[in-house]
Amino acid sequence: MYRRVSILLRKHFVSVLILCASIVIPFSSVKAAADPAKGKAIFQTNCASCHNVHKKLTGPALAGVEGRWADKKLLHQWIHNSASVLATGDKYANDLFLEFNKTAMTPFPQLSNEDIDDILAYIKVAETAGPKTTGGDTTPGPEAASEKGNDNSLLFGIITLILAVVALILMQINSNLNKLAGDKEGVPTPEPVPFYKNKAYLALIILVLFMVGGYLTIQGAIGLGRQKDYMPEQPIFYSHKVHAGINQINCLYCHAGAEKSKHAMIPSENICMNCHKAIKEYSGPELTNAEGKKINGTAEIAKLYDYVGWDPEAGKYTKPGRPIEWTKIHNLPDHVYFNHSQHVVAGQQQCQTCHGAITEMDEVHQFADLSMGWCINCHRTTKVQFADNNYYSIFEKLHQDIKDKKIDSVTVEMVGGTECQKCHY
Amino acid sequence: MKRTSNILIVAALATGAFLAACNRGEHNRKPGRIYMPDMYESRAYEFYSARLSGLKPVEGTVKRGELLPYHLKESDTALANLVKNPLTITPTDLKEGERLFNIYCGICHGTALDGNGPLYKGGEGPYSAAPANLVAGAKSGYSEGRLFHVMTYGYNMMGSYASQLDREQRWKIAAYIKSKQPGAAAPAAAPATDSTAAAK
């Protein structure tokens, strides 16, 4: 339209043209030569679910698409209706169709040629901008620094030691002064017994050693079979922080069994591939393991592809998959019965109550000690959601007591949560 | 007497040191010691048994309480369009459908169903393909049967959700999506009680 206006102006008012040329012509020429911003909007609504500029998805990566098609008109026709191009027997088109497992491209008859040129302009712009990389976020963060300062036990130990030495010196001085005073008054002091023969000292030392040894023995024996803080190395560096924290994926998305069965379930590999068919590179903040080694996220995703037999270049499964042997962290012995669905559905417990701040953990460690005392304590103090819960409708007496205002809430213990047979049978 | 106490001390210290040494290695990489491990290393029918973990239900069986199997193949999209929801959808079911949608679908399709979930974020997120907008455009016209079909088999970049969601849950989600789409009838207005539709 602007061009038409400028042509009119050129016809009738040459002088005006000269005056306005510097304003109108650059503007009109930009308009005519496709607008990448408009193209981006069209691309996002129509193309982006199957195409990416840099990555192969359902359809090919579009960087350099104009160079690959011999004729721009043919490309327009392909976008309007790909089947008609295939029918002409064009070699490139038919090869492309075969490469993508004969998935036909959705026809877009509603896009005008200008719209398509806008899209192509956007692709060119995005192509030169390069794929987005956001891996530069490597600031260590304040929590690393504060964690170091928290451990004061060394400081306290040093102070205790100094005080003990001072006390010893003072005692020595005291006994020396006593001795001097006794000498002066002519009272004979008995020959001092060396401290390693002094019965009182020996008894004290024996007592202290016995207590320390006993404490260690008991603590060690209680700790047998408990795995609190256990953090094994897993076959793939799967970061819960990246998935559940940064990307906000719900725990149940992968651990769907937590609502339906005894086990929360290690997700099967097809669940990983729901997203990782498209997410081939890691672009989040830098990852390091507990040893401080840097982890290459993209290489870890490649490990997943190797396990499931997926070829990201070809975009299909090329070999039979094999299971990923994750190391089990939370392990209850067979004589304990635990049911996830009971706690998650009937008990309405959050995953984090027992598993800790999973969304902060790059590598998962066992948060609770899973001891019997830990279970029982929680059963004693936790109130169950008693009203409007079909699961507890059979506890008529408790319902009556609530109605009579004898009790105001019901703990797990009151519905049998500390009976032996509840968990051991 | 003295000798006994000496032996006692040494024994106590040694046991203590030994048990305290049941540590988990640097960075807790080892699980620690177990007394009589027979019940920790389960031999029972358990999820983690290497032989049994990958087993599928016996061919041709239906779990109790589960809806009857869905027999259409992935390519039968035309037939899938016609399949009716076998459930009688109540407002509670729609709420459950919404909850499930927000967990399993919302991560890509967004809780507003507009195809802009946290994994895509208008092209800023890690997911490189734009998820389908379920309330506008071509996909807003999908029937419940087609939505169920897509959840069962996947479509384009989307994978199958049959392993995470059972058939009943998928139908509830389909009903929820339908209720949000333009031209949706009031919920539970015309319940399709004919359960033979899905069972074929």
# chains A, B, ... in the order shown; residues from 1 in each chain; ligands from 1

call {"tool": "select_by_dssp", "arguments": {"residues": "stretch 200-302 of chain A", "states": "helix (DSSP H, G or I)", "output": "ChimeraX atom specification"}}
result
/A:200-223,240-246,251-254,256-259,269-276,297-302

call {"tool": "write_last_selection", "arguments": {"atoms": "C-alpha atoms", "output": "mmCIF file, in the first residue's frame"}}
result
data_model
loop_
_atom_site.group_PDB
_atom_site.id
_atom_site.type_symbol
_atom_site.label_atom_id
_atom_site.label_comp_id
_atom_site.auth_asym_id
_atom_site.auth_seq_id
_atom_site.Cartn_x
_atom_site.Cartn_y
_atom_site.Cartn_z
ATOM 1 C CA ALA A 200 41.590 -41.777 90.990
ATOM 2 C CA TYR A 201 42.953 -40.716 87.592
ATOM 3 C CA LEU A 202 43.002 -44.271 86.320
ATOM 4 C CA ALA A 203 39.425 -44.907 87.424
ATOM 5 C CA LEU A 204 38.319 -41.706 85.717
ATOM 6 C CA ILE A 205 40.113 -42.580 82.480
ATOM 7 C CA ILE A 206 38.674 -46.093 82.490
ATOM 8 C CA LEU A 207 35.188 -44.694 83.038
ATOM 9 C CA VAL A 208 35.506 -42.158 80.224
ATOM 10 C CA LEU A 209 36.920 -44.693 77.777
ATOM 11 C CA PHE A 210 34.216 -47.176 78.665
ATOM 12 C CA MET A 211 31.499 -44.632 78.115
ATOM 13 C CA VAL A 212 32.926 -43.466 74.807
ATOM 14 C CA GLY A 213 33.386 -47.048 73.627
ATOM 15 C CA GLY A 214 29.907 -47.999 74.729
ATOM 16 C CA TYR A 215 28.358 -44.982 73.047
ATOM 17 C CA LEU A 216 30.120 -45.756 69.767
ATOM 18 C CA THR A 217 29.119 -49.420 70.003
ATOM 19 C CA ILE A 218 25.465 -48.651 70.563
ATOM 20 C CA GLN A 219 25.335 -45.970 67.914
ATOM 21 C CA GLY A 220 27.071 -48.253 65.445
ATOM 22 C CA ALA A 221 24.733 -51.143 66.240
ATOM 23 C CA ILE A 222 21.640 -48.964 65.847
ATOM 24 C CA GLY A 223 23.024 -47.688 62.565
ATOM 25 C CA HIS A 240 15.903 -33.988 40.251
ATOM 26 C CA LYS A 241 16.727 -30.315 40.732
ATOM 27 C CA VAL A 242 16.679 -29.695 36.985
ATOM 28 C CA HIS A 243 13.538 -31.744 36.316
ATOM 29 C CA ALA A 244 11.347 -31.221 39.367
ATOM 30 C CA GLY A 245 12.830 -27.902 40.481
ATOM 31 C CA ILE A 246 13.757 -25.719 37.536
ATOM 32 C CA CYS A 251 6.695 -35.820 40.963
ATOM 33 C CA LEU A 252 3.717 -37.910 39.854
ATOM 34 C CA TYR A 253 4.494 -37.309 36.189
ATOM 35 C CA CYS A 254 7.293 -39.868 36.380
ATOM 36 C CA ALA A 256 2.837 -42.305 38.582
ATOM 37 C CA GLY A 257 2.674 -45.377 40.803
ATOM 38 C CA ALA A 258 2.756 -43.348 44.012
ATOM 39 C CA GLU A 259 -0.988 -42.843 43.761
ATOM 40 C CA GLU A 269 12.283 -45.312 29.777
ATOM 41 C CA ASN A 270 9.390 -44.374 27.512
ATOM 42 C CA ILE A 271 8.490 -41.711 30.087
ATOM 43 C CA CYS A 272 11.959 -40.159 29.712
ATOM 44 C CA MET A 273 11.482 -40.189 25.970
ATOM 45 C CA ASN A 274 8.174 -38.308 26.215
ATOM 46 C CA CYS A 275 10.257 -35.176 26.556
ATOM 47 C CA HIS A 276 13.738 -36.210 25.464
ATOM 48 C CA GLY A 297 24.214 -32.608 30.698
ATOM 49 C CA THR A 298 24.057 -33.182 26.966
ATOM 50 C CA ALA A 299 26.345 -36.204 27.307
ATOM 51 C CA GLU A 300 24.048 -37.592 30.014
ATOM 52 C CA ILE A 301 21.064 -37.280 27.664
ATOM 53 C CA ALA A 302 23.137 -39.118 25.054
#

call {"tool": "residues_around", "arguments": {"residues": "B:Met36", "least_positions_apart": "6", "cutoff": "12 Å", "atoms": "only C-alpha atoms", "output": "number ranges by chain"}}
result
A: 224-225, 333

call {"tool": "residues_around", "arguments": {"residues": "A:Ala87", "least_positions_apart": "4", "cutoff": "12 Å", "atoms": "only C-alpha atoms", "output": "PyMOL selection string"}}
result
chain A and resi 77-78+81-83+91+93-94+97

call {"tool": "write_last_selection", "arguments": {"atoms": "C-alpha atoms", "output": "short mmCIF file (atom, residue, chain, number, x, y, z; two decimals), in the first residue's frame"}}
result
data_model
loop_
_atom_site.label_atom_id
_atom_site.label_comp_id
_atom_site.auth_asym_id
_atom_site.auth_seq_id
_atom_site.Cartn_x
_atom_site.Cartn_y
_atom_site.Cartn_z
CA GLN A 77 3.48 -25.12 -3.19
CA TRP A 78 4.91 -27.66 -0.70
CA ASN A 81 -0.15 -28.67 -0.10
CA SER A 82 2.73 -31.11 0.12
CA ALA A 83 0.83 -33.95 -1.53
CA LYS A 91 13.11 -36.04 -6.22
CA ALA A 93 10.42 -33.82 -1.99
CA ASN A 94 9.97 -37.57 -2.29
CA PHE A 97 8.91 -37.77 2.58
#
